[in-house]
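Only one structure is covered here, and it is reproduced in the block below.
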Amino acid sequence: MKITSVFVEGEEIPSKYTCDGENINPEIVINEIPEGTKSLVIIMYDPDIPEFVKEKFGIKEFNHWVIYNIKTERNELIIQENNVNLGTRGMNSKEELGYTGPCPPDRRHRYYFEAYALKEETNIKEGATREEVMETINGKILGKAVLIGTYVRIAV
């Protein structure tokens with residue numbers, strides 16, 4: 001499985017997709033989806049958050065996007081930018097449904113986009129956390145792909 005976007009692996013995420021821009025999800029392309037996949041999960045998170053953010057939200061990593069039950073019957077899926085009607089929306093670390101873009105308060109951060117191919121849909125309702133989704137998909141994963149982008153705000 002492969003995941004690509006409008007930015008190249010390890011490079012800067014365009015500001016359009018951050019709190020400094022339109023704060024919308026970038027286009028995501030998932031290729032080589034394993035045969036037998038019934039649904040996909042996408043999770044975007046920031047592992048580089050500073051201590052004060054960890055304490056404020058009571059978290060270890062900041063979850064920017066949790067979406068699951070994305071149906072696919074092909075070996076490729078293109079998720080258009082600003083797609084708010086895709087799958088079932090999970091809860092991000094701001095306690096909002098859907099996508100919230102990078103907005104690092106201190107320095108350059110890494111942002112992981114993970115895609116999981118599942119052999120079945122989940123039975124979780126809208127609003128699940130990343131942890132709840134990961135617990136539910138355990139043992140149902142057919143494939144995984146990761147794309148890492150970075151972002152730093154010019155005026156921090």
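Labels used: A, B, ... for chains in the order of the structure tokens, numbers from 1 for residues in each chain, and numbers from 1 for ligands as shown.
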Next on the checklist: Applying 10 Å and only C-alpha atoms, which residues near range 130-145 of chain A remain after dropping the ones on its own chain fewer than 2 positions away? List them as a PyMOL selection string.
Outcome noted: chain A and resi 1-4+30-45+63-68+90-93+113-124+127-128+147
Quick one: residues within 9 Å of range 96-107 of chain A, only C-alpha atoms counted, chain neighbours fewer than 3 positions away excluded, as a compact mmCIF listing (two decimals) with N, CA and C atoms, in the first residue's frame?
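Final file, part_19.txt:
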```txt
# COMPACT_ATOMS: atom_id res chain seq x y z
N ILE A 13 4.31 20.64 4.30
CA ILE A 13 2.89 20.62 3.93
C ILE A 13 2.54 22.05 3.54
N SER A 15 0.92 25.60 3.24
CA SER A 15 0.20 26.33 4.30
C SER A 15 -1.31 26.35 4.09
N TYR A 17 -3.21 24.01 3.86
CA TYR A 17 -3.81 22.92 4.64
C TYR A 17 -3.55 23.05 6.14
N THR A 18 -3.14 24.23 6.58
CA THR A 18 -2.78 24.48 7.98
C THR A 18 -3.64 25.59 8.57
N CYS A 19 -3.40 25.87 9.84
CA CYS A 19 -4.12 26.96 10.50
C CYS A 19 -3.73 28.32 9.94
N ASP A 20 -2.65 28.39 9.20
CA ASP A 20 -2.23 29.64 8.58
C ASP A 20 -2.89 29.85 7.22
N GLY A 21 -3.61 28.84 6.75
CA GLY A 21 -4.26 28.91 5.44
C GLY A 21 -5.74 28.61 5.57
N GLU A 22 -6.24 27.76 4.68
CA GLU A 22 -7.67 27.42 4.67
C GLU A 22 -8.05 26.34 5.67
N ASN A 23 -7.04 25.67 6.26
CA ASN A 23 -7.28 24.64 7.27
C ASN A 23 -8.21 23.53 6.74
N ILE A 24 -7.93 23.08 5.52
CA ILE A 24 -8.69 22.00 4.90
C ILE A 24 -7.76 20.82 4.65
N ASN A 25 -8.32 19.62 4.55
CA ASN A 25 -7.47 18.45 4.31
C ASN A 25 -6.88 18.50 2.91
N MET A 44 -4.24 11.19 11.03
CA MET A 44 -3.15 12.17 10.92
C MET A 44 -2.85 12.66 12.33
N ASP A 46 0.41 14.45 15.14
CA ASP A 46 1.66 15.17 15.38
C ASP A 46 2.30 14.62 16.66
N ASP A 48 5.21 15.58 17.82
CA ASP A 48 6.22 16.53 18.28
C ASP A 48 5.68 17.66 19.14
N ILE A 49 4.51 17.48 19.70
CA ILE A 49 3.90 18.56 20.49
C ILE A 49 4.70 18.83 21.77
N PRO A 50 4.76 20.12 22.17
CA PRO A 50 5.50 20.47 23.38
C PRO A 50 4.75 20.05 24.65
N VAL A 53 1.34 21.62 25.61
CA VAL A 53 0.19 21.13 24.85
C VAL A 53 -0.24 19.77 25.38
N ASN A 63 -3.86 14.53 17.67
CA ASN A 63 -4.57 13.91 16.56
C ASN A 63 -5.28 14.99 15.75
N HIS A 64 -4.91 15.10 14.47
CA HIS A 64 -5.48 16.13 13.60
C HIS A 64 -6.65 15.63 12.77
N TRP A 65 -6.67 14.32 12.48
CA TRP A 65 -7.71 13.80 11.58
C TRP A 65 -7.88 12.32 11.86
N VAL A 66 -9.11 11.94 12.16
CA VAL A 66 -9.45 10.53 12.37
C VAL A 66 -10.70 10.28 11.53
N ILE A 67 -10.58 9.40 10.56
CA ILE A 67 -11.71 9.09 9.69
C ILE A 67 -11.68 7.58 9.39
N ASN A 82 -10.41 19.10 1.05
CA ASN A 82 -11.61 19.62 1.71
C ASN A 82 -12.79 18.66 1.59
N VAL A 84 -15.33 16.65 3.24
CA VAL A 84 -15.94 16.51 4.56
C VAL A 84 -17.02 15.43 4.60
N THR A 88 -16.71 7.88 8.11
CA THR A 88 -17.24 8.29 9.41
C THR A 88 -16.18 9.13 10.11
N ARG A 89 -16.56 10.32 10.54
CA ARG A 89 -15.61 11.24 11.15
C ARG A 89 -15.37 10.91 12.62
N GLY A 90 -14.09 10.90 12.96
CA GLY A 90 -13.70 10.71 14.35
C GLY A 90 -13.38 12.04 15.00
N MET A 91 -13.05 11.98 16.27
CA MET A 91 -12.76 13.17 17.06
C MET A 91 -11.28 13.48 17.02
N ASN A 92 -10.93 14.73 16.70
CA ASN A 92 -9.53 15.14 16.77
C ASN A 92 -9.21 15.62 18.18
N SER A 93 -7.98 16.01 18.43
CA SER A 93 -7.57 16.41 19.79
C SER A 93 -8.15 17.74 20.23
N TYR A 111 4.21 15.50 10.75
CA TYR A 111 2.81 15.11 10.70
C TYR A 111 2.70 13.79 9.96
N GLU A 126 -19.91 7.67 14.83
CA GLU A 126 -19.19 8.92 14.62
C GLU A 126 -18.69 9.48 15.95
N GLY A 127 -17.50 10.07 15.92
CA GLY A 127 -16.96 10.72 17.11
C GLY A 127 -15.96 9.89 17.90
N THR A 150 6.03 17.87 7.04
CA THR A 150 6.44 18.75 8.14
C THR A 150 5.79 20.11 7.97
N TYR A 151 5.81 20.88 9.04
CA TYR A 151 5.32 22.26 8.96
C TYR A 151 5.91 23.06 10.11
N VAL A 152 6.25 24.32 9.79
CA VAL A 152 6.67 25.27 10.81
C VAL A 152 6.00 26.59 10.46
N ARG A 153 5.50 27.27 11.45
CA ARG A 153 4.88 28.58 11.23
C ARG A 153 5.95 29.63 11.11
N VAL A 156 6.03 32.40 14.92
CA VAL A 156 5.59 31.55 16.05
C VAL A 156 5.59 32.39 17.31
```
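Of the residues under consideration (A:Ile154, A:Glu27, A:Ile148, A:Glu11), A:Glu27 shows the shortest atom-to-atom contact distance to Gln80 in chain A when counting only C-alpha atoms.
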Checklist entry - Suppose you want the space between CA of Thr129 in chain A and CA of Phe52 in chain A; what is it in Å? => result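 That distance, rounded to one decimal, is 21.0 Å.
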Checklist entry - Which distance in Å separates CA of Glu61 in chain A and CA of Pro26 in chain A, to one decimal? => result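 Interatomic distance, CA of Glu61 in chain A to CA of Pro26 in chain A: 20.4 Å.
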Item to check | DSSP-assigned alpha helix (DSSP H) among range 24-143 of chain A, expressed as a VMD selection string | outcome: chain A and resid 51 to 57 130 to 137
